[in-house]
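Enquirer: I'm passing along input_18.pdb; it holds PDB, C-alpha atoms.
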ATOM      1  CA  MET K 625       0.000   0.000   0.000
ATOM      2  CA  ALA K 626       1.145   3.520  -0.731
ATOM      3  CA  MET K 627       2.482   6.173   1.603
ATOM      4  CA  LEU K 628       0.631   9.305   2.655
ATOM      5  CA  HIS K 629       2.937  12.319   2.864
ATOM      6  CA  THR K 630       1.819  15.405   4.768
ATOM      7  CA  VAL K 631       3.586  18.755   4.376
ATOM      8  CA  ASN K 632       2.843  21.685   6.701
ATOM      9  CA  LYS K 633       5.435  24.383   5.887
ATOM     10  CA  SER K 634       5.307  27.068   3.211
ATOM     11  CA  PRO K 635       7.425  26.075   0.180
ATOM     12  CA  PHE K 636       8.557  29.720  -0.068
ATOM     13  CA  GLU K 637      10.179  29.554   3.357
ATOM     14  CA  ARG K 638      11.291  25.942   3.838
ATOM     15  CA  ASN K 639      12.517  23.155   1.607
ATOM     16  CA  SER K 640      10.220  20.468   3.007
ATOM     17  CA  LEU K 641       7.800  20.380   0.044
ATOM     18  CA  ASN K 642      10.772  20.044  -2.293
ATOM     19  CA  SER K 643      12.170  17.198  -0.194
ATOM     20  CA  CYS K 644       8.792  15.501  -0.144
ATOM     21  CA  LEU K 645       8.331  15.806  -3.912
ATOM     22  CA  SER K 646      11.768  14.319  -4.572
ATOM     23  CA  LYS K 647      11.469  11.474  -2.055
ATOM     24  CA  SER K 648       7.883  10.345  -2.638
ATOM     25  CA  LYS K 649       7.096   7.424  -4.951
ATOM     26  CA  GLU K 650       4.718   7.348  -7.879
ATOM     27  CA  GLY K 651       1.216   6.510  -6.737
ATOM     28  CA  SER K 652       1.699   7.947  -3.269
ATOM     29  CA  THR K 653      -0.443  10.722  -1.853
ATOM     30  CA  ILE K 654       0.825  14.180  -0.887
ATOM     31  CA  LEU K 655      -1.461  16.239   1.357
ATOM     32  CA  LEU K 656      -0.706  19.936   1.853
ATOM     33  CA  ILE K 657      -1.875  21.242   5.235
ATOM     34  CA  GLU K 658      -1.410  24.377   7.396
ATOM     35  CA  ASP K 659       1.117  26.837   5.893
ATOM     36  CA  ALA K 660       1.898  24.404   3.035
ATOM     37  CA  VAL K 661      -1.480  24.962   1.354
ATOM     38  CA  VAL K 662      -0.134  28.011  -0.488
ATOM     39  CA  GLY K 663       2.062  25.588  -2.454
ATOM     40  CA  ALA K 664      -1.092  24.565  -4.329
ATOM     41  CA  LEU K 665      -1.660  28.062  -5.765
ATOM     42  CA  LYS K 666      -1.436  28.742  -9.493
ATOM     43  CA  GLY K 667       1.356  30.885 -10.912
ATOM     44  CA  THR K 668       3.880  30.544  -8.095
ATOM     45  CA  ILE K 669       7.599  29.799  -8.375
ATOM     46  CA  VAL K 670       6.881  26.196  -7.270
ATOM     47  CA  ALA K 671       3.810  25.641  -9.486
ATOM     48  CA  ASP K 672       5.730  23.741 -12.195
ATOM     49  CA  LYS K 673       6.940  21.169  -9.657
ATOM     50  CA  LEU K 674       3.422  20.671  -8.302
ATOM     51  CA  THR K 675       1.983  20.359 -11.809
ATOM     52  CA  ALA K 676       4.588  17.681 -12.566
ATOM     53  CA  ALA K 677       3.736  15.845  -9.331
ATOM     54  CA  VAL K 678       0.023  15.773 -10.170
ATOM     55  CA  ALA K 679       0.806  13.631 -13.234
ATOM     56  CA  ASN K 680       1.869  10.561 -11.220
ATOM     57  CA  LYS K 681       0.981  11.265  -7.582
ATOM     58  CA  ASN K 682      -2.275  11.985  -5.769
ATOM     59  CA  VAL K 683      -1.824  15.594  -4.640
ATOM     60  CA  CYS K 684      -4.389  16.976  -2.197
ATOM     61  CA  VAL K 685      -4.849  20.130  -0.140
ATOM     62  CA  LEU K 686      -6.823  20.589   3.080
ATOM     63  CA  GLY K 687      -9.732  22.852   2.104
ATOM     64  CA  SER K 688     -10.282  24.424   5.517
ATOM     65  CA  ASP K 689      -6.645  25.566   5.729
ATOM     66  CA  LEU K 690      -6.875  26.890   2.158
ATOM     67  CA  ASN K 691     -10.046  28.898   2.918
ATOM     68  CA  THR K 692      -8.524  30.209   6.148
ATOM     69  CA  ARG K 693      -5.754  31.822   4.090
ATOM     70  CA  GLY K 694      -8.197  33.405   1.640
ATOM     71  CA  PHE K 695      -8.091  30.922  -1.240
ATOM     72  CA  THR K 696     -10.543  28.515  -2.874
ATOM     73  CA  GLU K 697     -10.679  25.821  -5.553
ATOM     74  CA  ALA K 698     -10.442  28.461  -8.322
ATOM     75  CA  ASP K 699      -6.979  29.514  -7.094
ATOM     76  CA  ILE K 700      -5.264  26.124  -7.113
ATOM     77  CA  ILE K 701      -3.466  24.108  -9.760
ATOM     78  CA  ASP K 702      -5.660  21.825 -11.893
ATOM     79  CA  GLY K 703      -5.512  18.233 -10.678
ATOM     80  CA  ILE K 704      -4.909  19.039  -7.009
ATOM     81  CA  LYS K 705      -7.854  17.717  -5.002
ATOM     82  CA  ILE K 706      -9.462  19.492  -2.071
ATOM     83  CA  VAL K 707     -10.207  17.341   0.988
ATOM     84  CA  ASP K 708     -12.011  18.189   4.232
ATOM     85  CA  TYR K 709     -11.199  16.874   7.722
ATOM     86  CA  ALA K 710     -13.183  13.661   7.085
ATOM     87  CA  GLY K 711     -11.249  13.222   3.832
ATOM     88  CA  PHE K 712      -7.990  13.638   5.764
ATOM     89  CA  VAL K 713      -9.060  10.819   8.094
ATOM     90  CA  ASP K 714      -9.982   8.655   5.096
ATOM     91  CA  LEU K 715      -6.539   9.238   3.560
ATOM     92  CA  VAL K 716      -4.826   8.201   6.785
ATOM     93  CA  ALA K 717      -6.961   5.038   6.934
ATOM     94  CA  GLU K 718      -6.419   4.173   3.272
ATOM     95  CA  HIS K 719      -2.627   4.406   3.324
ATOM     96  CA  SER K 720      -0.194   1.981   4.909
ATOM     97  CA  ASN K 721       1.896   4.676   6.533
ATOM     98  CA  VAL K 722       2.117   8.419   7.047
ATOM     99  CA  GLN K 723       5.267  10.469   6.646
ATOM    100  CA  SER K 724       5.190  14.044   7.976
ATOM    101  CA  TRP K 725       7.472  16.564   6.265
ATOM    102  CA  LEU K 726       7.995  19.352   8.781
TER
ATOM    103  CA  MET S1322       7.995  65.633  22.104
ATOM    104  CA  SER S1323       8.279  65.992  18.367
ATOM    105  CA  GLU S1324      12.094  65.827  18.367
ATOM    106  CA  ASN S1325      11.796  62.424  20.049
ATOM    107  CA  ILE S1326       9.685  60.830  17.350
ATOM    108  CA  LYS S1327      11.452  57.840  15.902
ATOM    109  CA  LYS S1328      10.794  55.986  12.694
ATOM    110  CA  PHE S1329       9.622  52.464  13.490
ATOM    111  CA  MET S1330       9.254  49.847  10.775
ATOM    112  CA  PHE S1331       7.569  46.503  11.441
ATOM    113  CA  VAL S1332       8.603  43.909   8.879
ATOM    114  CA  ASN S1333       6.189  40.998   8.482
ATOM    115  CA  THR S1334       7.700  38.002   6.719
ATOM    116  CA  LYS S1335       5.675  35.017   7.961
ATOM    117  CA  ALA S1336       2.460  33.407   6.731
ATOM    118  CA  PRO S1337      -0.510  33.777   9.103
ATOM    119  CA  TYR S1338      -2.170  30.938  11.096
ATOM    120  CA  GLY S1339       0.585  28.280  10.872
ATOM    121  CA  THR S1340       2.622  30.153  13.460
ATOM    122  CA  VAL S1341       1.714  32.952  15.878
ATOM    123  CA  TYR S1342       4.202  35.523  14.493
ATOM    124  CA  ALA S1343       1.642  37.399  12.361
ATOM    125  CA  LEU S1344      -0.898  37.846  15.147
ATOM    126  CA  GLU S1345       1.766  38.802  17.718
ATOM    127  CA  SER S1346       3.260  41.385  15.365
ATOM    128  CA  LEU S1347      -0.144  42.926  14.717
ATOM    129  CA  GLU S1348      -0.709  43.280  18.458
ATOM    130  CA  VAL S1349       2.676  44.965  18.957
ATOM    131  CA  VAL S1350       1.933  47.329  16.060
ATOM    132  CA  LEU S1351      -1.414  48.354  17.535
ATOM    133  CA  ILE S1352       0.227  48.954  20.930
ATOM    134  CA  SER S1353       3.023  51.001  19.340
ATOM    135  CA  ALA S1354       0.423  53.315  17.824
ATOM    136  CA  ALA S1355      -0.332  54.569  21.347
ATOM    137  CA  PHE S1356       3.179  56.040  21.677
ATOM    138  CA  ASP S1357       2.975  58.729  18.958
ATOM    139  CA  GLN S1358       5.831  57.370  16.887
ATOM    140  CA  SER S1359       6.155  57.270  13.121
ATOM    141  CA  VAL S1360       5.125  53.705  12.293
ATOM    142  CA  SER S1361       5.248  51.902   8.963
ATOM    143  CA  LEU S1362       4.557  48.282   8.109
ATOM    144  CA  VAL S1363       6.122  46.015   5.544
ATOM    145  CA  PHE S1364       4.636  42.828   4.141
ATOM    146  CA  CYS S1365       7.204  40.794   2.255
ATOM    147  CA  ASP S1366       8.081  37.126   1.650
ATOM    148  CA  ASP S1367       5.251  34.959   3.107
ATOM    149  CA  GLY S1368       4.114  38.016   5.064
ATOM    150  CA  VAL S1369       2.067  39.094   2.039
ATOM    151  CA  PHE S1370      -0.370  36.262   2.890
ATOM    152  CA  GLN S1371      -1.236  38.065   6.146
ATOM    153  CA  ILE S1372      -3.210  40.702   4.237
ATOM    154  CA  ALA S1373      -4.736  38.400   1.604
ATOM    155  CA  ASN S1374      -8.375  39.022   0.729
ATOM    156  CA  ASN S1375     -11.245  36.688   1.609
ATOM    157  CA  GLN S1376      -9.707  34.887   4.591
ATOM    158  CA  ASN S1377     -12.430  32.519   5.804
ATOM    159  CA  THR S1378     -11.817  30.543   8.983
ATOM    160  CA  GLU S1379     -15.296  29.043   9.250
ATOM    161  CA  ALA S1380     -14.183  25.494   8.431
ATOM    162  CA  SER S1381     -10.926  25.547  10.411
ATOM    163  CA  GLY S1382     -12.463  27.194  13.462
ATOM    164  CA  MET S1383      -9.450  29.472  13.919
ATOM    165  CA  LYS S1384      -9.769  33.154  14.814
ATOM    166  CA  ASN S1385      -9.798  35.274  11.664
ATOM    167  CA  PHE S1386      -7.749  38.305  12.712
ATOM    168  CA  SER S1387      -7.425  39.786   9.211
ATOM    169  CA  PRO S1388     -10.212  42.394   9.720
ATOM    170  CA  ALA S1389      -8.008  44.002  12.422
ATOM    171  CA  TYR S1390      -5.575  45.191   9.722
ATOM    172  CA  LYS S1391      -8.381  47.442   8.466
ATOM    173  CA  ALA S1392      -8.179  49.356  11.780
ATOM    174  CA  LEU S1393      -4.566  50.416  11.170
ATOM    175  CA  GLY S1394      -5.704  53.548   9.319
ATOM    176  CA  ASP S1395      -7.612  54.697  12.404
ATOM    177  CA  TYR S1396      -4.375  54.396  14.400
ATOM    178  CA  ASP S1397      -2.590  56.773  11.971
ATOM    179  CA  ILE S1398      -0.650  53.882  10.489
ATOM    180  CA  ASN S1399      -0.969  54.574   6.787
ATOM    181  CA  LYS S1400       2.337  53.561   5.268
ATOM    182  CA  ILE S1401       1.927  49.878   4.446
ATOM    183  CA  TYR S1402       4.604  48.685   2.063
ATOM    184  CA  VAL S1403       4.000  45.507   0.046
ATOM    185  CA  GLU S1404       6.917  43.967  -1.822
ATOM    186  CA  THR S1405       5.952  43.338  -5.436
ATOM    187  CA  GLU S1406       8.468  40.530  -6.039
ATOM    188  CA  SER S1407       7.006  38.609  -3.082
ATOM    189  CA  LEU S1408       3.538  38.840  -4.629
ATOM    190  CA  GLU S1409       4.786  37.679  -8.036
ATOM    191  CA  GLU S1410       6.673  34.681  -6.622
ATOM    192  CA  ARG S1411       3.442  33.554  -4.949
ATOM    193  CA  GLY S1412       1.190  33.978  -8.003
ATOM    194  CA  LEU S1413      -0.492  37.011  -6.409
ATOM    195  CA  THR S1414      -1.237  40.584  -7.497
ATOM    196  CA  LEU S1415      -2.379  43.669  -5.589
ATOM    197  CA  ASP S1416      -5.947  42.507  -6.357
ATOM    198  CA  ASN S1417      -5.382  39.664  -3.859
ATOM    199  CA  ILE S1418      -4.500  42.159  -1.111
ATOM    200  CA  MET S1419      -7.036  43.746   1.254
ATOM    201  CA  ALA S1420      -7.939  47.363   0.456
ATOM    202  CA  LEU S1421      -6.413  48.999   3.554
ATOM    203  CA  THR S1422      -7.228  52.714   3.756
ATOM    204  CA  TYR S1423      -6.946  55.787   5.963
ATOM    205  CA  GLU S1424      -8.652  59.182   6.124
ATOM    206  CA  ASP S1425      -6.271  62.032   5.264
ATOM    207  CA  GLU S1426      -6.779  64.857   7.793
ATOM    208  CA  ASP S1427      -4.792  67.238   5.541
ATOM    209  CA  ASP S1428      -7.153  66.596   2.628
ATOM    210  CA  ASP S1429     -10.646  67.004   4.115
ATOM    211  CA  TRP S1430     -10.519  63.433   5.495
ATOM    212  CA  ALA S1431     -10.518  61.931   2.026
ATOM    213  CA  GLU S1432     -10.238  58.126   2.113
ATOM    214  CA  LYS S1433      -6.921  57.029   0.610
ATOM    215  CA  SER S1434      -5.121  53.734   0.148
ATOM    216  CA  SER S1435      -2.469  52.863   2.730
ATOM    217  CA  ILE S1436      -0.985  50.199   0.471
ATOM    218  CA  ILE S1437       2.293  51.222  -1.156
ATOM    219  CA  PRO S1438       3.770  48.668  -3.590
ATOM    220  CA  VAL S1439       7.571  48.684  -3.465
ATOM    221  CA  THR S1440      10.348  46.702  -5.088
ATOM    222  CA  ARG S1441      12.938  44.736  -3.122
ATOM    223  CA  ALA S1442      15.545  47.406  -3.874
ATOM    224  CA  GLU S1443      13.264  50.233  -2.725
ATOM    225  CA  LEU S1444      12.545  48.305   0.456
ATOM    226  CA  ALA S1445      16.250  48.054   1.224
ATOM    227  CA  ASP S1446      16.498  51.861   1.005
ATOM    228  CA  LEU S1447      13.407  52.333   3.203
ATOM    229  CA  MET S1448      14.820  50.003   5.868
ATOM    230  CA  ASP S1449      18.067  51.947   5.798
ATOM    231  CA  GLU S1450      16.186  55.149   6.738
ATOM    232  CA  GLN S1451      14.602  53.747   9.922
ATOM    233  CA  ASP S1452      15.562  54.306  13.552
ATOM    234  CA  VAL S1453      14.099  50.959  14.613
ATOM    235  CA  VAL S1454      13.302  47.888  12.503
ATOM    236  CA  ILE S1455      11.353  45.053  14.111
ATOM    237  CA  SER S1456      11.034  41.854  12.097
ATOM    238  CA  SER S1457       8.810  38.844  12.569
TER
END
What is this structure when it is put down as structure tokens?

Expert:
Amino acid sequence: MAMLHTVNKSPFERNSLNSCLSKSKEGSTILLIEDAVVGALKGTIVADKLTAAVANKNVCVLGSDLNTRGFTEADIIDGIKIVDYAGFVDLVAEHSNVQSWL
Amino acid sequence: MSENIKKFMFVNTKAPYGTVYALESLEVVLISAAFDQSVSLVFCDDGVFQIANNQNTEASGMKNFSPAYKALGDYDINKIYVETESLEERGLTLDNIMALTYEDEDDDWAEKSSIIPVTRAELADLMDEQDVVISS
């Protein structure tokens, strides 16, 4: 079963999203939470890397953290899925293991 | 008193909500306004997210403190510098930033924008002019 990766730091301030993208396998899930949700925005300096990740990984963002920061589905890269708290729990249950990138 | 007025600049570089820096800085800024100093604010790097439009904390249950920035004008804090390169790197424009305003007492209390877009180079010059720079 695949790994669930969570990332909670802004990609503009820390390298943890980069590390996660380079060390996660195809078919794994990457969930952006807390300050990492801004990594899902369109037109940023990390958008190309996220767009590439969407092609072979399941990239998700926590909707409540996205809304908190003033953004919605219209602002994020195509192919990134929005999940709610129940969806977060489902992801944890569906995956064999969780790796937190801090 | 006037000869004792110092130029204070508060530099906000962190995203809101994930850490407490943004909220704490805002509280210090509002307190500083009580001391009749010349106060300006900077939003650069992830700090630009602090004044993003449409912050909605309903689903996360956190306290949405973004409306408090709209009070800055009433505290005579009307120089709010936003670094344009920081916006661009994050896929944002000035349209994504809250319309922070003040009423100009020297111009019949006309409502004017407090937001001043600046480049990274201009910001370096502005910081150089300050008596006190407080970063968070």

Enquirer: Run the PyMOL selection byres ((chain S and resi 1345-1358) around 12) on the file and write out the hits as an NGL selection string.

Expert: :S and (1322-1338 or 1340-1344 or 1359-1364 or 1368 or 1371-1372 or 1386-1399 or 1401 or 1451-1457)

Enquirer: Between CA of Lys633 in chain K and CA of Thr696 in chain K, what distance in Å does the model show, to one decimal?

Expert: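 Atom-to-atom, CA of Lys633 in chain K and CA of Thr696 in chain K are spaced 18.7 Å apart.
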
Enquirer: Counting only C-alpha atoms, what are the residues of chain K within 6 Å of chain S, and for each of them which pair of atoms is the nearest and at what distance in Å, to one decimal? Sort the table by chain and rising number, as a tab-separated table.

Expert:
residue	atom	partner	partner_atom	distance
K:Glu658	CA	S:Gly1339	CA	5.6
K:Asp659	CA	S:Gly1339	CA	5.2
K:Gly667	CA	S:Gly1412	CA	4.2
K:Thr668	CA	S:Gly1412	CA	4.4
K:Ile669	CA	S:Glu1410	CA	5.3
K:Ser688	CA	S:Ala1380	CA	5.0
K:Asn691	CA	S:Asn1377	CA	5.2
K:Thr692	CA	S:Thr1378	CA	4.4
K:Arg693	CA	S:Gln1376	CA	5.0
K:Gly694	CA	S:Gln1376	CA	3.6

Enquirer: Once 4 Å is added on each side, what centre and edge lengths in Å to one decimal does the axis-aligned box around all listed atoms of range 645-663 of chain K have, as lines of an AutoDock Vina configuration file?

Expert:
center_x = 4.9
center_y = 17.3
center_z = -0.2
size_x = 21.6
size_y = 29.5
size_z = 23.3

Enquirer: Find the residues near Leu715 in chain K: any atom within 12 Å, counting only C-alpha atoms, skip ones fewer than 5 places away on the same chain, and give them as a PDB file with C-alpha atoms, keeping the file's coordinate frame.

Expert:
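This went into part16.pdb:
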ATOM      1  CA  MET K 625       0.000   0.000   0.000  1.00  0.00           C
ATOM      2  CA  ALA K 626       1.145   3.520  -0.731  1.00  0.00           C
ATOM      3  CA  MET K 627       2.482   6.173   1.603  1.00  0.00           C
ATOM      4  CA  LEU K 628       0.631   9.305   2.655  1.00  0.00           C
ATOM      5  CA  HIS K 629       2.937  12.319   2.864  1.00  0.00           C
ATOM      6  CA  THR K 630       1.819  15.405   4.768  1.00  0.00           C
ATOM      7  CA  SER K 652       1.699   7.947  -3.269  1.00  0.00           C
ATOM      8  CA  THR K 653      -0.443  10.722  -1.853  1.00  0.00           C
ATOM      9  CA  ILE K 654       0.825  14.180  -0.887  1.00  0.00           C
ATOM     10  CA  LEU K 655      -1.461  16.239   1.357  1.00  0.00           C
ATOM     11  CA  ASN K 682      -2.275  11.985  -5.769  1.00  0.00           C
ATOM     12  CA  VAL K 683      -1.824  15.594  -4.640  1.00  0.00           C
ATOM     13  CA  CYS K 684      -4.389  16.976  -2.197  1.00  0.00           C
ATOM     14  CA  VAL K 685      -4.849  20.130  -0.140  1.00  0.00           C
ATOM     15  CA  LEU K 686      -6.823  20.589   3.080  1.00  0.00           C
ATOM     16  CA  VAL K 707     -10.207  17.341   0.988  1.00  0.00           C
ATOM     17  CA  ASP K 708     -12.011  18.189   4.232  1.00  0.00           C
ATOM     18  CA  TYR K 709     -11.199  16.874   7.722  1.00  0.00           C
ATOM     19  CA  ALA K 710     -13.183  13.661   7.085  1.00  0.00           C
ATOM     20  CA  SER K 720      -0.194   1.981   4.909  1.00  0.00           C
ATOM     21  CA  ASN K 721       1.896   4.676   6.533  1.00  0.00           C
ATOM     22  CA  VAL K 722       2.117   8.419   7.047  1.00  0.00           C
TER      23      VAL K 722
END

Enquirer: Identify the residues within 12 Å of coordinate (9.6, 15.2, -2.2) (same frame as the file), considering all atoms listed in the file, and give the answer as a PDB file with C-alpha atoms, keeping the file's coordinate frame.

Expert:
ATOM      1  CA  LEU K 628       0.631   9.305   2.655  1.00  0.00           C
ATOM      2  CA  HIS K 629       2.937  12.319   2.864  1.00  0.00           C
ATOM      3  CA  THR K 630       1.819  15.405   4.768  1.00  0.00           C
ATOM      4  CA  VAL K 631       3.586  18.755   4.376  1.00  0.00           C
ATOM      5  CA  PRO K 635       7.425  26.075   0.180  1.00  0.00           C
ATOM      6  CA  ASN K 639      12.517  23.155   1.607  1.00  0.00           C
ATOM      7  CA  SER K 640      10.220  20.468   3.007  1.00  0.00           C
ATOM      8  CA  LEU K 641       7.800  20.380   0.044  1.00  0.00           C
ATOM      9  CA  ASN K 642      10.772  20.044  -2.293  1.00  0.00           C
ATOM     10  CA  SER K 643      12.170  17.198  -0.194  1.00  0.00           C
ATOM     11  CA  CYS K 644       8.792  15.501  -0.144  1.00  0.00           C
ATOM     12  CA  LEU K 645       8.331  15.806  -3.912  1.00  0.00           C
ATOM     13  CA  SER K 646      11.768  14.319  -4.572  1.00  0.00           C
ATOM     14  CA  LYS K 647      11.469  11.474  -2.055  1.00  0.00           C
ATOM     15  CA  SER K 648       7.883  10.345  -2.638  1.00  0.00           C
ATOM     16  CA  LYS K 649       7.096   7.424  -4.951  1.00  0.00           C
ATOM     17  CA  GLU K 650       4.718   7.348  -7.879  1.00  0.00           C
ATOM     18  CA  SER K 652       1.699   7.947  -3.269  1.00  0.00           C
ATOM     19  CA  THR K 653      -0.443  10.722  -1.853  1.00  0.00           C
ATOM     20  CA  ILE K 654       0.825  14.180  -0.887  1.00  0.00           C
ATOM     21  CA  LEU K 655      -1.461  16.239   1.357  1.00  0.00           C
ATOM     22  CA  LYS K 673       6.940  21.169  -9.657  1.00  0.00           C
ATOM     23  CA  LEU K 674       3.422  20.671  -8.302  1.00  0.00           C
ATOM     24  CA  ALA K 676       4.588  17.681 -12.566  1.00  0.00           C
ATOM     25  CA  ALA K 677       3.736  15.845  -9.331  1.00  0.00           C
ATOM     26  CA  LYS K 681       0.981  11.265  -7.582  1.00  0.00           C
ATOM     27  CA  VAL K 683      -1.824  15.594  -4.640  1.00  0.00           C
ATOM     28  CA  GLN K 723       5.267  10.469   6.646  1.00  0.00           C
ATOM     29  CA  SER K 724       5.190  14.044   7.976  1.00  0.00           C
ATOM     30  CA  TRP K 725       7.472  16.564   6.265  1.00  0.00           C
ATOM     31  CA  LEU K 726       7.995  19.352   8.781  1.00  0.00           C
TER      32      LEU K 726
END

Enquirer: Rounded to one decimal in Å, what is the spacing between CA of Ala1445 in chain S and CA of Val670 in chain K?

Expert: 25.3 Å

Enquirer: My list of candidates is S:Thr1440, S:Asp1427, S:Met1448, S:Val1369. Which is closest to Glu1406 in chain S when distances are computed with only C-alpha atoms?

Expert: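 When distances to Glu1406 in chain S are compared using only C-alpha atoms, the smallest one comes from S:Thr1440.
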
Enquirer: Work out how far apart CA of Ala1420 in chain S and CA of Ser1434 in chain S are and give it in Å to one decimal.

Expert: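 About the pair CA of Ala1420 in chain S and CA of Ser1434 in chain S: they are 7.0 Å apart.
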
Enquirer: Could you complete range 1369-1393 of chain S so that it carries N, CA and C atoms, and give it back as a PDB file, in the coordinates of the input?

Expert:
ATOM      1  N   VAL S1369       3.143  38.550   2.891  1.00  0.00           N
ATOM      2  CA  VAL S1369       2.067  39.094   2.039  1.00  0.00           C
ATOM      3  C   VAL S1369       0.760  38.321   2.237  1.00  0.00           C
ATOM      4  N   PHE S1370       0.857  37.050   2.656  1.00  0.00           N
ATOM      5  CA  PHE S1370      -0.370  36.262   2.890  1.00  0.00           C
ATOM      6  C   PHE S1370      -1.173  36.795   4.087  1.00  0.00           C
ATOM      7  N   GLN S1371      -0.516  37.546   4.976  1.00  0.00           N
ATOM      8  CA  GLN S1371      -1.236  38.065   6.146  1.00  0.00           C
ATOM      9  C   GLN S1371      -2.374  38.987   5.745  1.00  0.00           C
ATOM     10  N   ILE S1372      -2.188  39.730   4.637  1.00  0.00           N
ATOM     11  CA  ILE S1372      -3.210  40.702   4.237  1.00  0.00           C
ATOM     12  C   ILE S1372      -3.915  40.261   2.954  1.00  0.00           C
ATOM     13  N   ALA S1373      -3.996  38.929   2.750  1.00  0.00           N
ATOM     14  CA  ALA S1373      -4.736  38.400   1.604  1.00  0.00           C
ATOM     15  C   ALA S1373      -6.240  38.614   1.810  1.00  0.00           C
ATOM     16  N   ASN S1374      -6.922  38.877   0.716  1.00  0.00           N
ATOM     17  CA  ASN S1374      -8.375  39.022   0.729  1.00  0.00           C
ATOM     18  C   ASN S1374      -9.072  37.714   1.088  1.00  0.00           C
ATOM     19  N   ASN S1375     -10.322  37.833   1.517  1.00  0.00           N
ATOM     20  CA  ASN S1375     -11.245  36.688   1.609  1.00  0.00           C
ATOM     21  C   ASN S1375     -10.831  35.590   2.578  1.00  0.00           C
ATOM     22  N   GLN S1376     -10.063  35.917   3.615  1.00  0.00           N
ATOM     23  CA  GLN S1376      -9.707  34.887   4.591  1.00  0.00           C
ATOM     24  C   GLN S1376     -10.989  34.423   5.284  1.00  0.00           C
ATOM     25  N   ASN S1377     -11.182  33.104   5.290  1.00  0.00           N
ATOM     26  CA  ASN S1377     -12.430  32.519   5.804  1.00  0.00           C
ATOM     27  C   ASN S1377     -12.097  31.345   6.716  1.00  0.00           C
ATOM     28  N   THR S1378     -12.248  31.555   8.014  1.00  0.00           N
ATOM     29  CA  THR S1378     -11.817  30.543   8.983  1.00  0.00           C
ATOM     30  C   THR S1378     -12.975  29.682   9.487  1.00  0.00           C
ATOM     31  N   GLU S1379     -14.104  29.769   8.796  1.00  0.00           N
ATOM     32  CA  GLU S1379     -15.296  29.043   9.250  1.00  0.00           C
ATOM     33  C   GLU S1379     -15.021  27.540   9.409  1.00  0.00           C
ATOM     34  N   ALA S1380     -14.395  26.946   8.400  1.00  0.00           N
ATOM     35  CA  ALA S1380     -14.183  25.494   8.431  1.00  0.00           C
ATOM     36  C   ALA S1380     -13.064  25.087   9.394  1.00  0.00           C
ATOM     37  N   SER S1381     -12.047  25.932   9.542  1.00  0.00           N
ATOM     38  CA  SER S1381     -10.926  25.547  10.411  1.00  0.00           C
ATOM     39  C   SER S1381     -11.189  25.902  11.872  1.00  0.00           C
ATOM     40  N   GLY S1382     -12.143  26.818  12.094  1.00  0.00           N
ATOM     41  CA  GLY S1382     -12.463  27.194  13.462  1.00  0.00           C
ATOM     42  C   GLY S1382     -11.428  28.080  14.130  1.00  0.00           C
ATOM     43  N   MET S1383     -10.459  28.575  13.344  1.00  0.00           N
ATOM     44  CA  MET S1383      -9.450  29.472  13.919  1.00  0.00           C
ATOM     45  C   MET S1383     -10.012  30.889  13.989  1.00  0.00           C
ATOM     46  N   LYS S1384      -9.331  31.762  14.746  1.00  0.00           N
ATOM     47  CA  LYS S1384      -9.769  33.154  14.814  1.00  0.00           C
ATOM     48  C   LYS S1384      -9.257  33.889  13.577  1.00  0.00           C
ATOM     49  N   ASN S1385     -10.192  34.484  12.834  1.00  0.00           N
ATOM     50  CA  ASN S1385      -9.798  35.274  11.664  1.00  0.00           C
ATOM     51  C   ASN S1385      -9.460  36.686  12.134  1.00  0.00           C
ATOM     52  N   PHE S1386      -8.147  36.979  12.217  1.00  0.00           N
ATOM     53  CA  PHE S1386      -7.749  38.305  12.712  1.00  0.00           C
ATOM     54  C   PHE S1386      -7.487  39.295  11.589  1.00  0.00           C
ATOM     55  N   SER S1387      -7.731  38.886  10.328  1.00  0.00           N
ATOM     56  CA  SER S1387      -7.425  39.786   9.211  1.00  0.00           C
ATOM     57  C   SER S1387      -8.233  41.093   9.213  1.00  0.00           C
ATOM     58  N   PRO S1388      -9.504  41.107   9.711  1.00  0.00           N
ATOM     59  CA  PRO S1388     -10.212  42.394   9.720  1.00  0.00           C
ATOM     60  C   PRO S1388      -9.507  43.457  10.573  1.00  0.00           C
ATOM     61  N   ALA S1389      -8.694  43.036  11.548  1.00  0.00           N
ATOM     62  CA  ALA S1389      -8.008  44.002  12.422  1.00  0.00           C
ATOM     63  C   ALA S1389      -7.033  44.880  11.640  1.00  0.00           C
ATOM     64  N   TYR S1390      -6.493  44.368  10.522  1.00  0.00           N
ATOM     65  CA  TYR S1390      -5.575  45.191   9.722  1.00  0.00           C
ATOM     66  C   TYR S1390      -6.291  46.427   9.178  1.00  0.00           C
ATOM     67  N   LYS S1391      -7.620  46.310   9.002  1.00  0.00           N
ATOM     68  CA  LYS S1391      -8.381  47.442   8.466  1.00  0.00           C
ATOM     69  C   LYS S1391      -8.464  48.590   9.473  1.00  0.00           C
ATOM     70  N   ALA S1392      -8.148  48.313  10.743  1.00  0.00           N
ATOM     71  CA  ALA S1392      -8.179  49.356  11.780  1.00  0.00           C
ATOM     72  C   ALA S1392      -6.888  50.183  11.793  1.00  0.00           C
ATOM     73  N   LEU S1393      -5.859  49.726  11.104  1.00  0.00           N
ATOM     74  CA  LEU S1393      -4.566  50.416  11.170  1.00  0.00           C
ATOM     75  C   LEU S1393      -4.681  51.883  10.774  1.00  0.00           C
TER      76      LEU S1393
END
